[in-house]
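J.: Here you go, one structure.
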Amino acid sequence: MNAHSKEAIREAVTKHYGTFARKQLEAGGVEGAAEGGAEGGVEGAAESAAGKAGKAAACCGPDTDAATGTQVHQAEAACCGPDTGAATGTQVHQAEAACCGPDTGAATGTQVHQAEAACCGPDTDAATAQAWADRLYDDKDLGDIDGAIADLTLGCGNPIAIAELNPGETVLDLGSGAGLDCFLASRQVGAGGKVIGVDMTDSMLELAARNLEKVGARNVEFRRGYLEDLPVASDAVDVIISNCVINLSFDKGAVLSETFRVLRPGGRVRVSDIVWLREPTAGEQSDLASWAGCVAGALTVADFTNKLEEAGFTGIEITPATPENPQGFSSASISARKPW
Ligand SMILES: C[S@@+](CC[C@H](N)C(=O)[O-])C[C@H]1O[C@@H](n2cnc3c(N)ncnc32)[C@H](O)[C@@H]1O
């Protein structure tokens with residue numbers, strides 16, 4: 001049971017990622033047009049993607065203006081953990097390190113900062129952002145991808161590493177953000193394959209379009225839409241990937257049933273996401289900033305498994321990266337298959 005309405009969750013998430021994307025667009029010299037209220041999402045179709053501009057809201061790393069000292073630390077803590085109220089010294093560092101980074105045991109100095117940049121967004125320090133991309137993706141995965149694009153990852157894992165993509169396959173990325181995983185997938189499926197990225201946040205789609213132009217991949221297409229009602233035909237996709245997004249949905253059952261619908265029989269799910277390793281408390285679940293930061297809305301491993309089963313999937317495997325994380329949540333690799 002969600003503590004917040006569908007509208008409140010969607011607004012918090014859209015504002016959060018819209019802010020991040022707009023700051024990147026502005027930093028890249030893209031002129032923002034007038035903002036028509038909150039980030040419009042799909043229903044804001046009248047607002048062209050190119051016409052979106054800033055709304056402020058932080059959390060997972062977008063606070064580039066506040067990129068100093070305590071302010072950054074608060075943003076980081078809000079991002080990666082429920083402990084936003086404990087935004088001081090060691091406590092914050094524990095929350096940050098616990099976040100989505102695999103190295104919770106190495107919570108000191110530079111290493112902590114790498115973990116902080118983790119979760120759902122890098123801070124403005126380019127070196128830190130790069131460090132996070134480098135931690136999620138090895139050089140082989142990234143290849144010659146533009147480092148500035150890799151730095152825009154807001155993921156918590158590397159779905160490409162587990163996707164086992166083949167030339168000619170059709171891939172759908174749920175919540176494609178700035179597009180990194182789509183671009184990496186596009187190389188593996190080749191000219192005969194296709195990659196579709198779906199995202200609900202207009203300025204994120206604009207950022208992805210800018211990156212697509214830079215990358216020049218002809219087999220990648222970004223679509224505006226919701227995970228709960230995918231703008232994709234039934235039985236059309238070989239592989240679903242996603243990186244730190246399903247936890248953000250107010251209705252995971254709908255997301256997984258849509259995922260099942262669009263996959264062809266025999267198709268597979270290869271997702272990175274946050275999972276709770278224990279039952280979260282009511283307080284942990286009701287923190288909207290933490291929801292937008294990829295923690296509060298996460299499912300437990302058992303709930304995720306049940307929902308995948310209810311949607312019809314088989315061969316379900318959920319493997320947390322840090323199963324002993326004292327914060328009680330972890331990034332995880334999630335695999336499943338739609339039966340033939
Ligand atoms: C944490 S970011 C991850 C982006 C990307 N997967 C990555 O690894 O960098 C979450 C993204 O999912 C999108 N998103 C969140 N909930 C969504 C939903 N219900 N439907 C469509 N997009 C959603 C957000 O707009 C944002 O771009």
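Letters A, B, ... mark the chains of the structure tokens in the order given; residue numbers begin at 1 per chain; ligand numbers begin at 1, in order shown.
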Can you work out which residues are within 6 Å of ligand 1, considering only C-alpha atoms and all ligand atoms, and then hand them over as JSON, numbers by chain?
T.: {"A": [14, 17, 120, 153, 154, 155, 175, 176, 177, 178, 199, 200, 201, 204, 225, 226, 227, 242, 243, 244, 245, 248, 249]}
J.: Export, as a PDB file, in the first residue's frame, the selected residues with C-alpha atoms.
T.:
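The file below, result.pdb, is the result:
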ATOM      1  CA  THR A  14       9.076  13.805 -12.586  1.00  0.00           C
ATOM      2  CA  TYR A  17      14.514  13.885 -12.840  1.00  0.00           C
ATOM      3  CA  CYS A 120      20.281   8.072  -8.603  1.00  0.00           C
ATOM      4  CA  THR A 153      23.943   7.603 -15.686  1.00  0.00           C
ATOM      5  CA  LEU A 154      21.451   7.631 -12.856  1.00  0.00           C
ATOM      6  CA  GLY A 155      21.449   3.882 -12.577  1.00  0.00           C
ATOM      7  CA  GLY A 175      12.904   4.633 -17.859  1.00  0.00           C
ATOM      8  CA  SER A 176      15.730   5.296 -20.273  1.00  0.00           C
ATOM      9  CA  GLY A 177      16.853   8.599 -18.740  1.00  0.00           C
ATOM     10  CA  ALA A 178      19.698  10.216 -20.661  1.00  0.00           C
ATOM     11  CA  ASP A 199      10.588   7.756 -20.285  1.00  0.00           C
ATOM     12  CA  MET A 200       7.883  10.028 -18.900  1.00  0.00           C
ATOM     13  CA  THR A 201       9.972  13.128 -18.205  1.00  0.00           C
ATOM     14  CA  MET A 204      14.945  13.804 -19.853  1.00  0.00           C
ATOM     15  CA  GLY A 225       5.329   7.205 -22.041  1.00  0.00           C
ATOM     16  CA  TYR A 226       4.658   5.578 -18.724  1.00  0.00           C
ATOM     17  CA  LEU A 227       5.919   2.224 -17.571  1.00  0.00           C
ATOM     18  CA  SER A 242      15.869  -1.104 -16.939  1.00  0.00           C
ATOM     19  CA  ASN A 243      18.227   0.619 -14.535  1.00  0.00           C
ATOM     20  CA  CYS A 244      16.916   1.857 -11.205  1.00  0.00           C
ATOM     21  CA  VAL A 245      13.415   2.769 -12.351  1.00  0.00           C
ATOM     22  CA  LEU A 248       9.944   4.624  -8.719  1.00  0.00           C
ATOM     23  CA  SER A 249       6.563   3.436  -9.957  1.00  0.00           C
TER      24      SER A 249
END
J.: Neighbours of Glu324 of chain A within 9 Å (only C-alpha atoms; same-chain residues fewer than 5 positions away dropped), as JSON, numbers by chain?
T.: {"A": [277, 329, 330]}
J.: So that I can check the secondary structure, give me every residue of segment 281-333 of chain A assigned helix (DSSP H, G or I) by backbone DSSP, as number ranges by chain.
T.: A: 282-285, 288-292, 301-311
J.: Could those selected residues go to a file with C-alpha atoms, as an mmCIF file, in the first residue's frame?
T.:
data_model
loop_
_atom_site.group_PDB
_atom_site.id
_atom_site.type_symbol
_atom_site.label_atom_id
_atom_site.label_comp_id
_atom_site.auth_asym_id
_atom_site.auth_seq_id
_atom_site.Cartn_x
_atom_site.Cartn_y
_atom_site.Cartn_z
ATOM 1 C CA ALA A 282 6.121 2.908 7.408
ATOM 2 C CA GLY A 283 8.354 5.939 7.949
ATOM 3 C CA GLU A 284 10.899 4.730 5.422
ATOM 4 C CA GLN A 285 8.175 4.151 2.853
ATOM 5 C CA LEU A 288 8.685 11.189 -0.879
ATOM 6 C CA ALA A 289 12.237 12.471 -1.368
ATOM 7 C CA SER A 290 13.533 9.012 -0.640
ATOM 8 C CA TRP A 291 10.981 7.624 -3.105
ATOM 9 C CA ALA A 292 12.313 9.908 -5.824
ATOM 10 C CA VAL A 301 12.943 -9.362 -2.764
ATOM 11 C CA ALA A 302 9.907 -11.482 -1.848
ATOM 12 C CA ASP A 303 7.395 -8.913 -3.128
ATOM 13 C CA PHE A 304 9.313 -8.424 -6.367
ATOM 14 C CA THR A 305 9.363 -12.186 -6.890
ATOM 15 C CA ASN A 306 5.622 -12.464 -6.189
ATOM 16 C CA LYS A 307 4.746 -9.639 -8.541
ATOM 17 C CA LEU A 308 6.853 -11.149 -11.332
ATOM 18 C CA GLU A 309 5.091 -14.479 -10.787
ATOM 19 C CA GLU A 310 1.663 -12.821 -10.751
ATOM 20 C CA ALA A 311 2.489 -11.162 -14.062
#
J.: Tell me, as a count of residues only, which residues lie within 12 Å of Gly190 of chain A, counting only C-alpha atoms; anything in the same chain fewer than 6 positions away does not count.
T.: 14
J.: What is the distance, in Å and to one decimal place, between atom CA of Ala150 of chain A and atom CA of Gly18 of chain A?
T.: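 We find that atom CA of Ala150 of chain A and atom CA of Gly18 of chain A lie 18.1 Å from each other.
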